[in-house]
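What's in final-v6.txt: compact mmCIF, C-alpha atoms and all ligand atoms
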# COMPACT_ATOMS: atom_id res chain seq x y z
CA LEU A 29 29.50 11.66 -27.39
CA PHE A 30 25.86 11.64 -26.41
CA ALA A 31 24.27 10.43 -29.64
CA ALA A 32 23.56 6.93 -28.32
CA VAL A 33 22.44 7.97 -24.85
CA GLU A 34 19.09 6.42 -24.06
CA MET A 35 16.31 8.19 -22.21
CA ALA A 36 16.23 6.91 -18.63
CA PRO A 37 12.91 6.07 -17.00
CA ARG A 38 11.50 8.61 -14.55
CA ASP A 39 11.55 7.89 -10.83
CA PRO A 40 8.10 6.33 -10.25
CA ILE A 41 7.37 8.67 -7.33
CA LEU A 42 9.19 11.88 -8.24
CA GLY A 43 7.90 11.43 -11.82
CA LEU A 44 4.37 11.38 -10.43
CA ASN A 45 5.10 14.74 -8.81
CA GLU A 46 5.94 16.21 -12.20
CA GLN A 47 2.67 14.83 -13.58
CA PHE A 48 0.76 16.32 -10.63
CA ASN A 49 2.34 19.74 -11.12
CA ALA A 50 1.33 19.70 -14.79
CA ASP A 51 -2.32 18.75 -14.06
CA PRO A 52 -4.61 21.82 -14.49
CA ASN A 53 -7.39 20.27 -12.31
CA PRO A 54 -7.94 22.80 -9.46
CA ALA A 55 -9.26 20.03 -7.15
CA LYS A 56 -6.15 17.85 -7.54
CA VAL A 57 -4.67 16.20 -4.43
CA ASN A 58 -1.08 14.94 -4.23
CA LEU A 59 -0.89 11.74 -2.18
CA GLY A 60 2.11 10.51 -4.17
CA VAL A 61 5.41 11.71 -2.79
CA GLY A 62 6.18 11.22 0.91
CA VAL A 63 5.96 14.78 2.16
CA TYR A 64 4.10 15.97 5.25
CA THR A 65 1.77 18.90 4.65
CA ASP A 66 -0.18 20.63 7.41
CA GLU A 67 -3.92 21.19 7.93
CA ASN A 68 -3.82 23.85 5.20
CA GLY A 69 -2.04 21.59 2.75
CA LYS A 70 1.20 23.55 3.17
CA LEU A 71 4.70 22.28 3.71
CA PRO A 72 5.42 23.46 7.27
CA LEU A 73 8.37 25.56 8.36
CA LEU A 74 8.75 24.30 11.93
CA LYS A 75 8.87 27.05 14.56
CA ALA A 76 11.95 25.48 16.16
CA VAL A 77 13.70 25.51 12.78
CA ALA A 78 12.64 29.11 12.06
CA ALA A 79 13.96 30.17 15.47
CA ALA A 80 17.29 28.43 14.84
CA GLU A 81 17.45 30.06 11.41
CA LYS A 82 16.87 33.48 12.98
CA LEU A 83 19.70 32.89 15.45
CA LEU A 84 22.03 31.97 12.61
CA LEU A 85 21.10 34.94 10.47
CA GLU A 86 21.56 37.32 13.39
CA ALA A 87 25.16 36.18 13.71
CA PRO A 88 26.26 35.45 10.15
CA LYS A 89 29.44 33.45 9.81
CA ALA A 90 32.02 33.05 7.08
CA LYS A 91 31.49 29.91 5.01
CA GLY A 92 34.61 27.81 5.30
CA TYR A 93 34.90 24.16 4.38
CA LEU A 94 33.51 21.79 6.96
CA PRO A 95 35.50 18.77 8.11
CA ILE A 96 34.95 15.76 5.80
CA ASP A 97 32.68 14.09 8.34
CA GLY A 98 30.69 17.26 8.94
CA ILE A 99 29.98 19.46 11.94
CA ALA A 100 31.29 17.75 15.09
CA ALA A 101 28.46 19.12 17.28
CA TYR A 102 25.91 17.86 14.74
CA ASP A 103 27.41 14.38 14.53
CA LYS A 104 27.45 14.14 18.31
CA ALA A 105 23.89 15.39 18.73
CA VAL A 106 22.62 12.98 16.09
CA GLN A 107 24.45 10.09 17.71
CA ALA A 108 22.93 10.96 21.10
CA LEU A 109 19.45 11.21 19.58
CA VAL A 110 19.73 7.90 17.76
CA PHE A 111 21.72 5.80 20.23
CA GLY A 112 21.61 7.60 23.61
CA ASP A 113 24.24 9.41 25.67
CA ASP A 114 25.85 6.21 27.00
CA ALA A 115 26.53 5.03 23.48
CA VAL A 116 28.20 8.34 22.63
CA ALA A 117 30.41 7.97 25.70
CA SER A 118 31.46 4.45 24.62
CA GLY A 119 33.14 5.95 21.57
CA ARG A 120 32.41 2.88 19.47
CA ILE A 121 30.07 4.56 17.01
CA ALA A 122 31.29 6.56 14.03
CA THR A 123 28.70 9.10 12.86
CA VAL A 124 29.17 11.27 9.79
CA GLN A 125 26.98 14.05 8.42
CA ALA A 126 25.33 13.05 5.15
CA LEU A 127 23.26 14.55 2.33
CA GLY A 128 19.91 13.41 3.67
CA GLY A 129 19.05 9.82 4.45
CA THR A 130 19.85 8.92 0.85
CA GLY A 131 23.37 10.26 1.32
CA GLY A 132 23.77 8.18 4.47
CA LEU A 133 22.68 5.06 2.64
CA LYS A 134 25.09 5.79 -0.20
CA ILE A 135 28.11 6.35 2.07
CA GLY A 136 27.30 3.10 3.85
CA ALA A 137 26.79 1.23 0.59
CA ASP A 138 30.10 2.42 -0.87
CA PHE A 139 31.98 1.54 2.34
CA LEU A 140 30.34 -1.90 2.46
CA LYS A 141 31.34 -2.54 -1.14
CA ARG A 142 35.00 -2.05 -0.17
CA LEU A 143 34.60 -4.09 2.98
CA ASN A 144 32.60 -7.00 1.65
CA PRO A 145 32.51 -6.78 -2.17
CA GLY A 146 30.89 -10.17 -2.74
CA ALA A 147 27.98 -9.65 -0.34
CA THR A 148 24.37 -9.72 -1.48
CA VAL A 149 22.00 -7.01 -0.27
CA LEU A 150 18.46 -7.93 0.77
CA ILE A 151 15.71 -5.31 0.88
CA SER A 152 12.10 -5.81 1.95
CA ASP A 153 9.51 -6.84 -0.63
CA PRO A 154 8.28 -4.20 -1.27
CA SER A 155 10.63 -1.39 -0.27
CA TRP A 156 11.41 2.21 -1.07
CA GLU A 157 12.40 1.91 -4.74
CA ASN A 158 15.60 3.84 -4.27
CA HIS A 159 16.96 1.11 -1.96
CA ARG A 160 17.30 -1.29 -4.87
CA ALA A 161 18.67 1.34 -7.24
CA LEU A 162 21.17 2.74 -4.75
CA PHE A 163 22.67 -0.59 -3.68
CA THR A 164 22.68 -1.83 -7.29
CA ASN A 165 24.55 1.31 -8.34
CA ALA A 166 27.04 0.71 -5.52
CA GLY A 167 27.83 -2.61 -7.23
CA PHE A 168 25.77 -5.08 -5.21
CA THR A 169 23.39 -7.80 -6.30
CA VAL A 170 20.12 -6.85 -4.62
CA GLY A 171 17.52 -9.43 -3.62
CA THR A 172 14.47 -9.25 -1.39
CA TYR A 173 13.11 -10.81 1.77
CA PRO A 174 9.33 -11.34 2.05
CA TYR A 175 7.63 -8.54 3.98
CA PHE A 176 4.12 -7.63 2.93
CA ASP A 177 1.27 -10.12 3.12
CA ALA A 178 -1.60 -8.67 1.06
CA GLU A 179 -4.18 -11.17 2.26
CA ALA A 180 -3.35 -10.78 5.94
CA LYS A 181 -3.00 -6.98 5.53
CA GLY A 182 0.18 -7.16 7.52
CA ILE A 183 3.67 -8.63 7.54
CA ALA A 184 4.61 -12.08 6.25
CA PHE A 185 6.76 -12.46 9.32
CA ASP A 186 7.42 -16.23 9.23
CA LYS A 187 8.56 -15.96 5.63
CA MET A 188 10.69 -12.92 6.40
CA LEU A 189 12.42 -14.73 9.24
CA ALA A 190 12.92 -17.86 7.14
CA ALA A 191 14.60 -15.75 4.44
CA LEU A 192 16.95 -14.18 6.97
CA ASN A 193 17.78 -17.58 8.40
CA ALA A 194 18.56 -18.85 4.90
CA ALA A 195 20.83 -15.92 3.99
CA ALA A 196 24.59 -16.42 3.69
CA ALA A 197 26.84 -14.94 6.37
CA GLY A 198 27.78 -11.36 5.51
CA THR A 199 24.54 -10.66 3.64
CA VAL A 200 23.52 -7.03 4.08
CA VAL A 201 19.91 -6.73 5.27
CA VAL A 202 18.27 -3.33 4.84
CA LEU A 203 15.61 -2.86 7.52
CA HIS A 204 13.20 0.04 7.99
CA ALA A 205 13.61 1.18 11.61
CA CYS A 206 10.02 2.43 11.73
CA CYS A 207 7.14 3.61 9.54
CA HIS A 208 7.85 1.16 6.72
CA ASN A 209 7.86 2.74 3.27
CA PRO A 210 5.69 1.89 1.34
CA THR A 211 3.41 -0.38 3.40
CA GLY A 212 3.11 1.37 6.78
CA TYR A 213 3.36 -2.00 8.57
CA ASP A 214 6.04 -2.24 11.28
CA LEU A 215 7.34 -5.26 13.19
CA THR A 216 6.33 -5.65 16.84
CA PRO A 217 9.10 -5.48 19.49
CA ALA A 218 8.84 -9.27 19.88
CA GLN A 219 9.29 -9.75 16.13
CA TRP A 220 12.27 -7.39 16.15
CA SER A 221 13.85 -9.58 18.86
CA GLU A 222 13.57 -12.55 16.53
CA VAL A 223 15.08 -10.58 13.66
CA ILE A 224 17.98 -9.50 15.87
CA ALA A 225 18.55 -13.11 16.95
CA ALA A 226 18.59 -14.22 13.29
CA VAL A 227 20.99 -11.43 12.28
CA LYS A 228 23.28 -12.46 15.13
CA ALA A 229 23.07 -16.21 14.56
CA ARG A 230 23.58 -15.97 10.80
CA GLY A 231 26.30 -13.29 10.87
CA LEU A 232 24.25 -10.88 8.75
CA VAL A 233 24.99 -7.16 8.43
CA ALA A 234 22.01 -5.04 9.44
CA PHE A 235 21.57 -1.66 7.77
CA LEU A 236 18.77 0.23 9.51
CA ASP A 237 17.14 2.99 7.51
CA SER A 238 15.63 5.53 9.89
CA ALA A 239 13.83 8.17 7.82
CA TYR A 240 10.71 8.70 9.93
CA GLN A 241 11.75 8.71 13.58
CA GLY A 242 8.95 10.40 15.52
CA PHE A 243 6.21 9.76 12.97
CA GLY A 244 5.16 6.38 14.33
CA ASP A 245 4.67 6.29 18.10
CA GLY A 246 7.26 8.81 19.35
CA ILE A 247 10.94 9.63 19.12
CA ALA A 248 12.01 7.07 21.75
CA GLU A 249 9.48 4.43 20.66
CA ASP A 250 10.49 4.68 17.00
CA GLY A 251 14.18 4.51 17.91
CA ALA A 252 13.80 1.52 20.23
CA VAL A 253 14.78 -1.01 17.59
CA ILE A 254 18.12 0.76 17.07
CA ARG A 255 18.82 0.58 20.82
CA ALA A 256 17.87 -3.11 20.72
CA PHE A 257 20.46 -3.80 17.99
CA LEU A 258 22.99 -1.89 20.08
CA GLU A 259 22.19 -3.86 23.22
CA ALA A 260 22.52 -7.11 21.28
CA GLY A 261 26.19 -6.25 20.79
CA LEU A 262 25.95 -6.22 17.00
CA ASN A 263 28.02 -4.20 14.55
CA PHE A 264 25.61 -2.47 12.17
CA PHE A 265 24.76 0.64 10.18
CA VAL A 266 22.09 3.27 10.67
CA SER A 267 21.17 5.94 8.14
CA THR A 268 19.25 8.87 9.55
CA SER A 269 17.15 11.39 7.67
CA PHE A 270 15.85 14.67 9.07
CA SER A 271 14.02 15.56 5.86
CA LYS A 272 10.64 14.70 7.34
CA SER A 273 11.12 15.11 11.08
CA PHE A 274 12.49 18.67 10.69
CA SER A 275 10.61 19.40 7.45
CA LEU A 276 14.01 20.20 5.93
CA TYR A 277 13.62 18.22 2.70
CA GLY A 278 15.60 20.57 0.48
CA GLU A 279 18.46 21.20 2.90
CA ARG A 280 19.57 17.55 2.64
CA VAL A 281 20.29 16.80 6.29
CA GLY A 282 21.05 13.26 7.38
CA ALA A 283 23.74 11.03 8.80
CA LEU A 284 25.35 7.64 8.64
CA SER A 285 26.38 5.82 11.81
CA ALA A 286 28.48 2.67 11.96
CA VAL A 287 28.39 0.79 15.26
CA SER A 288 31.64 -1.08 15.75
CA GLY A 289 33.22 -3.15 18.51
CA SER A 290 35.49 -0.61 20.18
CA LYS A 291 36.64 2.98 20.16
CA GLU A 292 39.80 2.01 18.32
CA GLU A 293 37.81 0.16 15.65
CA ALA A 294 35.43 3.12 15.28
CA GLY A 295 38.43 5.34 14.53
CA ARG A 296 39.50 3.09 11.67
CA VAL A 297 35.94 2.86 10.34
CA LEU A 298 35.60 6.65 10.45
CA SER A 299 38.81 7.04 8.45
CA GLN A 300 37.33 4.84 5.71
CA LEU A 301 33.97 6.64 5.71
CA LYS A 302 35.90 9.87 5.22
CA ILE A 303 37.58 8.45 2.12
CA VAL A 304 34.16 7.58 0.67
CA ILE A 305 32.93 11.11 1.36
CA ARG A 306 36.08 12.82 0.12
CA THR A 307 36.00 11.00 -3.21
CA ASN A 308 32.30 11.73 -3.73
CA TYR A 309 31.72 15.33 -2.67
CA SER A 310 34.67 16.23 -0.42
CA ASN A 311 32.67 17.59 2.53
CA PRO A 312 29.04 18.38 3.35
CA PRO A 313 27.18 21.71 3.33
CA THR A 314 26.81 23.81 6.48
CA PHE A 315 23.37 25.34 6.75
CA GLY A 316 20.85 22.54 7.32
CA ALA A 317 23.04 20.60 9.73
CA THR A 318 23.75 23.77 11.72
CA LEU A 319 19.99 24.28 12.07
CA VAL A 320 19.44 20.71 13.27
CA ALA A 321 22.41 20.84 15.66
CA THR A 322 21.15 24.13 17.09
CA VAL A 323 17.66 22.72 17.66
CA LEU A 324 18.89 19.44 19.14
CA THR A 325 21.32 21.10 21.56
CA THR A 326 19.28 24.14 22.67
CA PRO A 327 16.84 22.87 25.33
CA ALA A 328 13.99 25.29 24.54
CA LEU A 329 14.23 24.65 20.79
CA ARG A 330 14.57 20.93 21.37
CA ALA A 331 11.36 20.91 23.43
CA GLN A 332 9.58 22.93 20.78
CA TRP A 333 10.72 20.58 18.01
CA GLU A 334 9.56 17.53 19.96
CA GLU A 335 6.18 19.17 20.42
CA GLU A 336 5.88 20.06 16.74
CA LEU A 337 6.92 16.56 15.68
CA ALA A 338 4.29 15.15 18.04
CA GLY A 339 1.77 17.49 16.42
CA MET A 340 2.56 16.07 12.97
CA ARG A 341 2.32 12.52 14.29
CA VAL A 342 -1.02 13.12 16.01
CA ARG A 343 -2.48 14.86 12.96
CA ILE A 344 -1.54 11.97 10.68
CA LYS A 345 -3.21 9.52 13.07
CA ALA A 346 -6.34 11.67 13.18
CA MET A 347 -6.44 11.71 9.36
CA ARG A 348 -6.10 7.91 9.23
CA GLY A 349 -9.09 7.59 11.57
CA ALA A 350 -11.12 10.17 9.66
CA LEU A 351 -10.35 8.52 6.32
CA VAL A 352 -11.62 5.16 7.56
CA ALA A 353 -14.73 6.66 9.21
CA LYS A 354 -15.65 8.71 6.15
CA LEU A 355 -15.09 5.84 3.71
CA GLN A 356 -17.35 3.68 5.81
CA ALA A 357 -19.95 6.46 6.03
CA ALA A 358 -19.74 6.67 2.23
CA GLY A 359 -20.89 3.07 2.05
CA VAL A 360 -17.60 1.20 1.62
CA GLN A 361 -18.21 -2.28 3.05
CA GLN A 362 -14.65 -3.62 3.32
CA ASP A 363 -12.89 -3.69 6.68
CA LEU A 364 -10.51 -0.73 6.49
CA SER A 365 -9.23 -0.86 10.07
CA PHE A 366 -5.79 -1.82 8.72
CA ILE A 367 -5.33 1.85 7.76
CA THR A 368 -5.26 2.82 11.44
CA ARG A 369 -2.89 -0.03 12.30
CA GLN A 370 -0.30 1.26 9.83
CA LYS A 371 2.39 3.68 11.02
CA GLY A 372 3.94 6.80 9.59
CA MET A 373 3.32 8.78 6.44
CA PHE A 374 2.14 6.00 4.16
CA SER A 375 -0.74 3.62 3.74
CA TYR A 376 -0.74 0.65 1.45
CA SER A 377 -4.39 1.16 0.63
CA GLY A 378 -4.99 -2.16 -1.11
CA LEU A 379 -6.08 -0.32 -4.28
CA ASN A 380 -4.68 -1.82 -7.47
CA ALA A 381 -2.90 -0.03 -10.31
CA ALA A 382 -6.08 0.33 -12.39
CA GLN A 383 -7.90 1.90 -9.43
CA MET A 384 -4.98 4.26 -8.73
CA GLN A 385 -4.93 5.32 -12.39
CA ARG A 386 -8.70 5.95 -12.30
CA LEU A 387 -8.24 8.04 -9.15
CA ARG A 388 -5.67 10.12 -11.00
CA GLY A 389 -7.50 10.42 -14.31
CA GLU A 390 -11.06 10.98 -13.06
CA PHE A 391 -10.54 12.63 -9.68
CA GLY A 392 -7.10 14.27 -9.84
CA ILE A 393 -6.03 12.23 -6.81
CA TYR A 394 -2.42 11.19 -7.19
CA GLY A 395 -1.05 8.10 -5.47
CA VAL A 396 1.53 5.50 -6.49
CA ASP A 397 0.35 2.64 -8.74
CA SER A 398 1.30 0.18 -5.99
CA GLY A 399 -1.66 1.56 -4.02
CA ARG A 400 0.56 3.59 -1.69
CA ILE A 401 -0.99 6.84 -0.56
CA CYS A 402 0.66 9.50 1.59
CA VAL A 403 -1.78 9.97 4.46
CA ALA A 404 0.45 12.81 5.74
CA ALA A 405 -0.92 14.91 2.87
CA LEU A 406 -4.57 14.47 3.93
CA ASN A 407 -6.34 17.37 5.64
CA GLU A 408 -9.89 18.45 6.51
CA LYS A 409 -10.07 20.36 3.22
CA ASN A 410 -9.11 17.59 0.82
CA LEU A 411 -10.41 14.58 2.75
CA ASP A 412 -13.94 14.60 1.32
CA ALA A 413 -12.65 14.73 -2.25
CA VAL A 414 -10.27 11.84 -1.53
CA VAL A 415 -13.06 9.83 0.11
CA ARG A 416 -15.37 10.43 -2.86
CA GLY A 417 -12.68 9.24 -5.26
CA ILE A 418 -11.65 6.15 -3.30
CA ALA A 419 -15.26 5.15 -2.60
CA ALA A 420 -16.01 5.44 -6.32
CA VAL A 421 -13.10 3.28 -7.48
CA LEU A 422 -13.75 0.70 -4.76
N1 LIG A 501 14.76 6.01 3.26
C1 LIG A 501 13.43 5.91 3.19
C2 LIG A 501 12.78 4.64 3.63
C3 LIG A 501 12.66 6.95 2.70
O1 LIG A 501 11.35 6.81 2.60
C4 LIG A 501 13.30 8.14 2.30
C5 LIG A 501 12.48 9.23 1.79
O2 LIG A 501 12.77 10.22 1.31
C6 LIG A 501 14.69 8.21 2.40
C7 LIG A 501 15.39 7.13 2.88
C8 LIG A 501 15.48 9.39 1.94
O3 LIG A 501 15.47 10.45 2.76
P1 LIG A 501 16.16 11.82 2.30
O4 LIG A 501 15.13 12.59 1.55
O5 LIG A 501 16.56 12.45 3.58
O6 LIG A 501 17.32 11.48 1.45
O1 LIG A 502 8.97 7.56 -0.84
C1 LIG A 502 8.82 8.77 -0.89
O2 LIG A 502 7.84 9.30 -1.41
C2 LIG A 502 9.84 9.68 -0.24
C3 LIG A 502 10.41 10.73 -1.18
O3 LIG A 502 13.66 8.83 -5.35
C4 LIG A 502 11.27 10.22 -2.28
O4 LIG A 502 10.78 8.89 0.35
C5 LIG A 502 10.75 9.43 -3.31
C6 LIG A 502 11.55 8.98 -4.34
C7 LIG A 502 12.88 9.30 -4.36
C8 LIG A 502 13.40 10.10 -3.35
C9 LIG A 502 12.59 10.54 -2.32
Turn the structure described in the file into structure tokens.
Ligand code: PLP
Ligand code: TYF
Amino acid sequence: LFAAVEMAPRDPILGLNEQFNADPNPAKVNLGVGVYTDENGKLPLLKAVAAAEKLLLEAPKAKGYLPIDGIAAYDKAVQALVFGDDAVASGRIATVQALGGTGGLKIGADFLKRLNPGATVLISDPSWENHRALFTNAGFTVGTYPYFDAEAKGIAFDKMLAALNAAAAGTVVVLHACCHNPTGYDLTPAQWSEVIAAVKARGLVAFLDSAYQGFGDGIAEDGAVIRAFLEAGLNFFVSTSFSKSFSLYGERVGALSAVSGSKEEAGRVLSQLKIVIRTNYSNPPTFGATLVATVLTTPALRAQWEEELAGMRVRIKAMRGALVAKLQAAGVQQDLSFITRQKGMFSYSGLNAAQMQRLRGEFGIYGVDSGRICVAALNEKNLDAVVRGIAAVL
């Protein structure tokens, strides 16, 4: 049965993690995978999450099946966080619990394939690698729209807009709501308005991937683009991930929301999303989503979470500034101010594959060959080593 099975390639990012773990160098630094680590280089357990966990463990519950679309209180709290209370009241959004942001993308992709089987999917060039793989596996032809402009150290916005304006009606356009992975460059509100106008005029289907809400400029600021799509009267998808914002990577907590035209329409959409879920994994797990629902709906825990998320955001920004200052103090001549203009956990550093490989081989500093480094893994303890390595390869 398996004699002819070929070895599949490793995930370029998760494969790097395996390589890092196997490296005996005690000074190694992992700037590969997108994971936030604190000032001590540790994966944080947020206090708000720990408090919610304590509440749950103090009142243990039997573990029945959840409804197919997940915990109702969770779905509602997520919808309110992402779209606002008025949108919840309108009843025209269907939100389902998902296995992380990836699970949300997959439910949406499978539903879209039933709805619009001939559509093409466009992802940004470059994008999170799993976008291409996931939509390809769901049966779509996946193309790209221009996004990164290496020379301008920013976004090739005119080209991006031209590509959207040239796309056929019904084309699915995957957009990063904030903190673009891998580049760190986000559209301005004015540019988003132009994208929304193009999506509307061309009859495109927007699929917003929101995996880093709160890591850019704030929870409301990072969610503003989603509200703008809502206000434009569009029907669109949003996948939400709480892996990073709650530091709940392994619990697989996320959601998919489909914004439709009316309450009645949302009911029909929800029924179809439930078929996708039922035929994939039947219903989602309880623990992580219960934690998130508890935090979001308990005022004191909610306030604590918002403060802790702000702490992560501020620390990343401080590390961006310190990285630039120290590289310049180390004699690097290039203008590196772009690093502080980027948002979120990643920086497209401008280093090429050969430089990234040298960083890995000579200095034990692991980043992706594309030049992407996870600035959320920098801290006062590893910064000097990273600066030494980058200055040397530059
Ligand atoms: N979308 C983007 C853009 C991401 O960077 C990630 C990162 O993990 C995800 C989705 C997936 O999130 P999750 O780990 O919650 O599945
Ligand atoms: O881009 C990253 O590093 C994160 C984590 O297949 C990740 O989004 C990377 C690859 C992957 C799943 C998650």
>> ligand LIG 501 (chain A): which residues are within 10 Å, counting only C-alpha atoms and all ligand atoms? Reply as a PyMOL selection string.
In response: chain A and resi 61-63+126-134+155-159+202-210+236-240+267-273+275-283+373-374
Residue contacts of Gly359 of chain A (10 Å, only C-alpha atoms) excluding same-chain residues fewer than 3 positions away, as a PDB file with C-alpha atoms, in the coordinates of the input:
ATOM      1  CA  LYS A 354     -15.650   8.710   6.150  1.00  0.00           C
ATOM      2  CA  LEU A 355     -15.090   5.840   3.710  1.00  0.00           C
ATOM      3  CA  GLN A 356     -17.350   3.680   5.810  1.00  0.00           C
ATOM      4  CA  GLN A 362     -14.650  -3.620   3.320  1.00  0.00           C
ATOM      5  CA  ALA A 419     -15.260   5.150  -2.600  1.00  0.00           C
ATOM      6  CA  ALA A 420     -16.010   5.440  -6.320  1.00  0.00           C
TER       7      ALA A 420
END
> atom C3 of ligand LIG 502 (chain A) and atom CA of Val33 of chain A, how far apart in Å?
Replying inline: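 So the answer is 26.7 Å.
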>> I want to know what sits within 8 Å of segment 118-124 of chain A, based on all atoms listed in the file, with residues of the same chain fewer than 3 positions away left out; could you give that as an MDAnalysis selection string?
In response: chainID A and resid 97:98 103:104 106:107 114:115 283:295 297:298 301
Those same residues, written as a PDB file, in the frame of the given file with C-alpha atoms?
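File produced: result-v9.pdb:
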ATOM      1  CA  ASP A  97      32.680  14.090   8.340  1.00  0.00           C
ATOM      2  CA  GLY A  98      30.690  17.260   8.940  1.00  0.00           C
ATOM      3  CA  ASP A 103      27.410  14.380  14.530  1.00  0.00           C
ATOM      4  CA  LYS A 104      27.450  14.140  18.310  1.00  0.00           C
ATOM      5  CA  VAL A 106      22.620  12.980  16.090  1.00  0.00           C
ATOM      6  CA  GLN A 107      24.450  10.090  17.710  1.00  0.00           C
ATOM      7  CA  ASP A 114      25.850   6.210  27.000  1.00  0.00           C
ATOM      8  CA  ALA A 115      26.530   5.030  23.480  1.00  0.00           C
ATOM      9  CA  ALA A 283      23.740  11.030   8.800  1.00  0.00           C
ATOM     10  CA  LEU A 284      25.350   7.640   8.640  1.00  0.00           C
ATOM     11  CA  SER A 285      26.380   5.820  11.810  1.00  0.00           C
ATOM     12  CA  ALA A 286      28.480   2.670  11.960  1.00  0.00           C
ATOM     13  CA  VAL A 287      28.390   0.790  15.260  1.00  0.00           C
ATOM     14  CA  SER A 288      31.640  -1.080  15.750  1.00  0.00           C
ATOM     15  CA  GLY A 289      33.220  -3.150  18.510  1.00  0.00           C
ATOM     16  CA  SER A 290      35.490  -0.610  20.180  1.00  0.00           C
ATOM     17  CA  LYS A 291      36.640   2.980  20.160  1.00  0.00           C
ATOM     18  CA  GLU A 292      39.800   2.010  18.320  1.00  0.00           C
ATOM     19  CA  GLU A 293      37.810   0.160  15.650  1.00  0.00           C
ATOM     20  CA  ALA A 294      35.430   3.120  15.280  1.00  0.00           C
ATOM     21  CA  GLY A 295      38.430   5.340  14.530  1.00  0.00           C
ATOM     22  CA  VAL A 297      35.940   2.860  10.340  1.00  0.00           C
ATOM     23  CA  LEU A 298      35.600   6.650  10.450  1.00  0.00           C
ATOM     24  CA  LEU A 301      33.970   6.640   5.710  1.00  0.00           C
TER      25      LEU A 301
END
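Proximity to ligand LIG 502 (chain A) was assessed for A:Phe274, A:Phe176, A:Phe315, A:Tyr64 counting only C-alpha atoms and all ligand atoms; the smallest distance is recorded for A:Tyr64.
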> In Å to one decimal, how far is atom CA of Asp153 of chain A from atom CA of Arg230 of chain A?
Replying inline: 20.3 Å
> Ile303 of chain A: which residues within 10 Å, counting all atoms listed in the file, same-chain residues fewer than 3 positions away excluded, as a list in words?
Replying inline: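 In the requested format, the answer is Ile96, Asp97, Ile135, Phe139, Leu298, Ser299, Gln300, Arg306, Thr307, Asn308 and Ser310 of chain A.
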>> Counting all atoms listed in the file, which residues sit no farther than 12 Å from the position (17.8, 31.1, 14.7) in the file's frame? I'd like them as a list in words.
In response: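 Result, sorted by chain then residue number: Leu74, Lys75, Ala76, Val77, Ala78, Ala79, Ala80, Glu81, Lys82, Leu83, Leu84, Leu85, Glu86, Ala87, Pro88, Phe315, Gly316, Thr318, Leu319, Val320, Ala321, Thr322, Val323, Thr326 and Leu329 of chain A.
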Write a file of the just-selected residues containing C-alpha atoms, as a PDB file, in the frame of the given file.
ATOM      1  CA  LEU A  74       8.750  24.300  11.930  1.00  0.00           C
ATOM      2  CA  LYS A  75       8.870  27.050  14.560  1.00  0.00           C
ATOM      3  CA  ALA A  76      11.950  25.480  16.160  1.00  0.00           C
ATOM      4  CA  VAL A  77      13.700  25.510  12.780  1.00  0.00           C
ATOM      5  CA  ALA A  78      12.640  29.110  12.060  1.00  0.00           C
ATOM      6  CA  ALA A  79      13.960  30.170  15.470  1.00  0.00           C
ATOM      7  CA  ALA A  80      17.290  28.430  14.840  1.00  0.00           C
ATOM      8  CA  GLU A  81      17.450  30.060  11.410  1.00  0.00           C
ATOM      9  CA  LYS A  82      16.870  33.480  12.980  1.00  0.00           C
ATOM     10  CA  LEU A  83      19.700  32.890  15.450  1.00  0.00           C
ATOM     11  CA  LEU A  84      22.030  31.970  12.610  1.00  0.00           C
ATOM     12  CA  LEU A  85      21.100  34.940  10.470  1.00  0.00           C
ATOM     13  CA  GLU A  86      21.560  37.320  13.390  1.00  0.00           C
ATOM     14  CA  ALA A  87      25.160  36.180  13.710  1.00  0.00           C
ATOM     15  CA  PRO A  88      26.260  35.450  10.150  1.00  0.00           C
ATOM     16  CA  PHE A 315      23.370  25.340   6.750  1.00  0.00           C
ATOM     17  CA  GLY A 316      20.850  22.540   7.320  1.00  0.00           C
ATOM     18  CA  THR A 318      23.750  23.770  11.720  1.00  0.00           C
ATOM     19  CA  LEU A 319      19.990  24.280  12.070  1.00  0.00           C
ATOM     20  CA  VAL A 320      19.440  20.710  13.270  1.00  0.00           C
ATOM     21  CA  ALA A 321      22.410  20.840  15.660  1.00  0.00           C
ATOM     22  CA  THR A 322      21.150  24.130  17.090  1.00  0.00           C
ATOM     23  CA  VAL A 323      17.660  22.720  17.660  1.00  0.00           C
ATOM     24  CA  THR A 326      19.280  24.140  22.670  1.00  0.00           C
ATOM     25  CA  LEU A 329      14.230  24.650  20.790  1.00  0.00           C
TER      26      LEU A 329
END
>> (-12.0, 8.5, 4.3) in this file's frame - what residues fall within 10 Å of it? Use all atoms listed in the file and give the answer as a list in words.
In response: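 Residues with an atom at most 10 Å from (-12.0, 8.5, 4.3): Met347, Arg348, Gly349, Ala350, Leu351, Val352, Ala353, Lys354, Leu355, Gln356, Ala357, Ala358, Val360, Leu364, Leu406, Leu411, Asp412, Ala413, Val414, Val415, Arg416, Gly417, Ile418 and Ala419 of chain A.
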>> Between A:Leu162, A:Ile183, A:Leu94, A:Ala55, which residue has the minimum interatomic distance to ligand LIG 502 (chain A), considering only C-alpha atoms and all ligand atoms?
In response: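 Among A:Leu162, A:Ile183, A:Leu94, A:Ala55, it is A:Leu162 that comes nearest to ligand LIG 502 (chain A).
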Do you know which residues are at most 9 Å from Met340 of chain A counting only C-alpha atoms, after dropping those on the same chain fewer than 5 positions away, and could you put them as a short mmCIF file (atom, residue, chain, number, x, y, z; two decimals) with C-alpha atoms, in the frame of the given file?
data_model
loop_
_atom_site.label_atom_id
_atom_site.label_comp_id
_atom_site.auth_asym_id
_atom_site.auth_seq_id
_atom_site.Cartn_x
_atom_site.Cartn_y
_atom_site.Cartn_z
CA TYR A 64 4.10 15.97 5.25
CA THR A 65 1.77 18.90 4.65
CA ASP A 66 -0.18 20.63 7.41
CA GLY A 242 8.95 10.40 15.52
CA PHE A 243 6.21 9.76 12.97
CA SER A 273 11.12 15.11 11.08
CA GLU A 335 6.18 19.17 20.42
CA LYS A 345 -3.21 9.52 13.07
CA ALA A 404 0.45 12.81 5.74
#
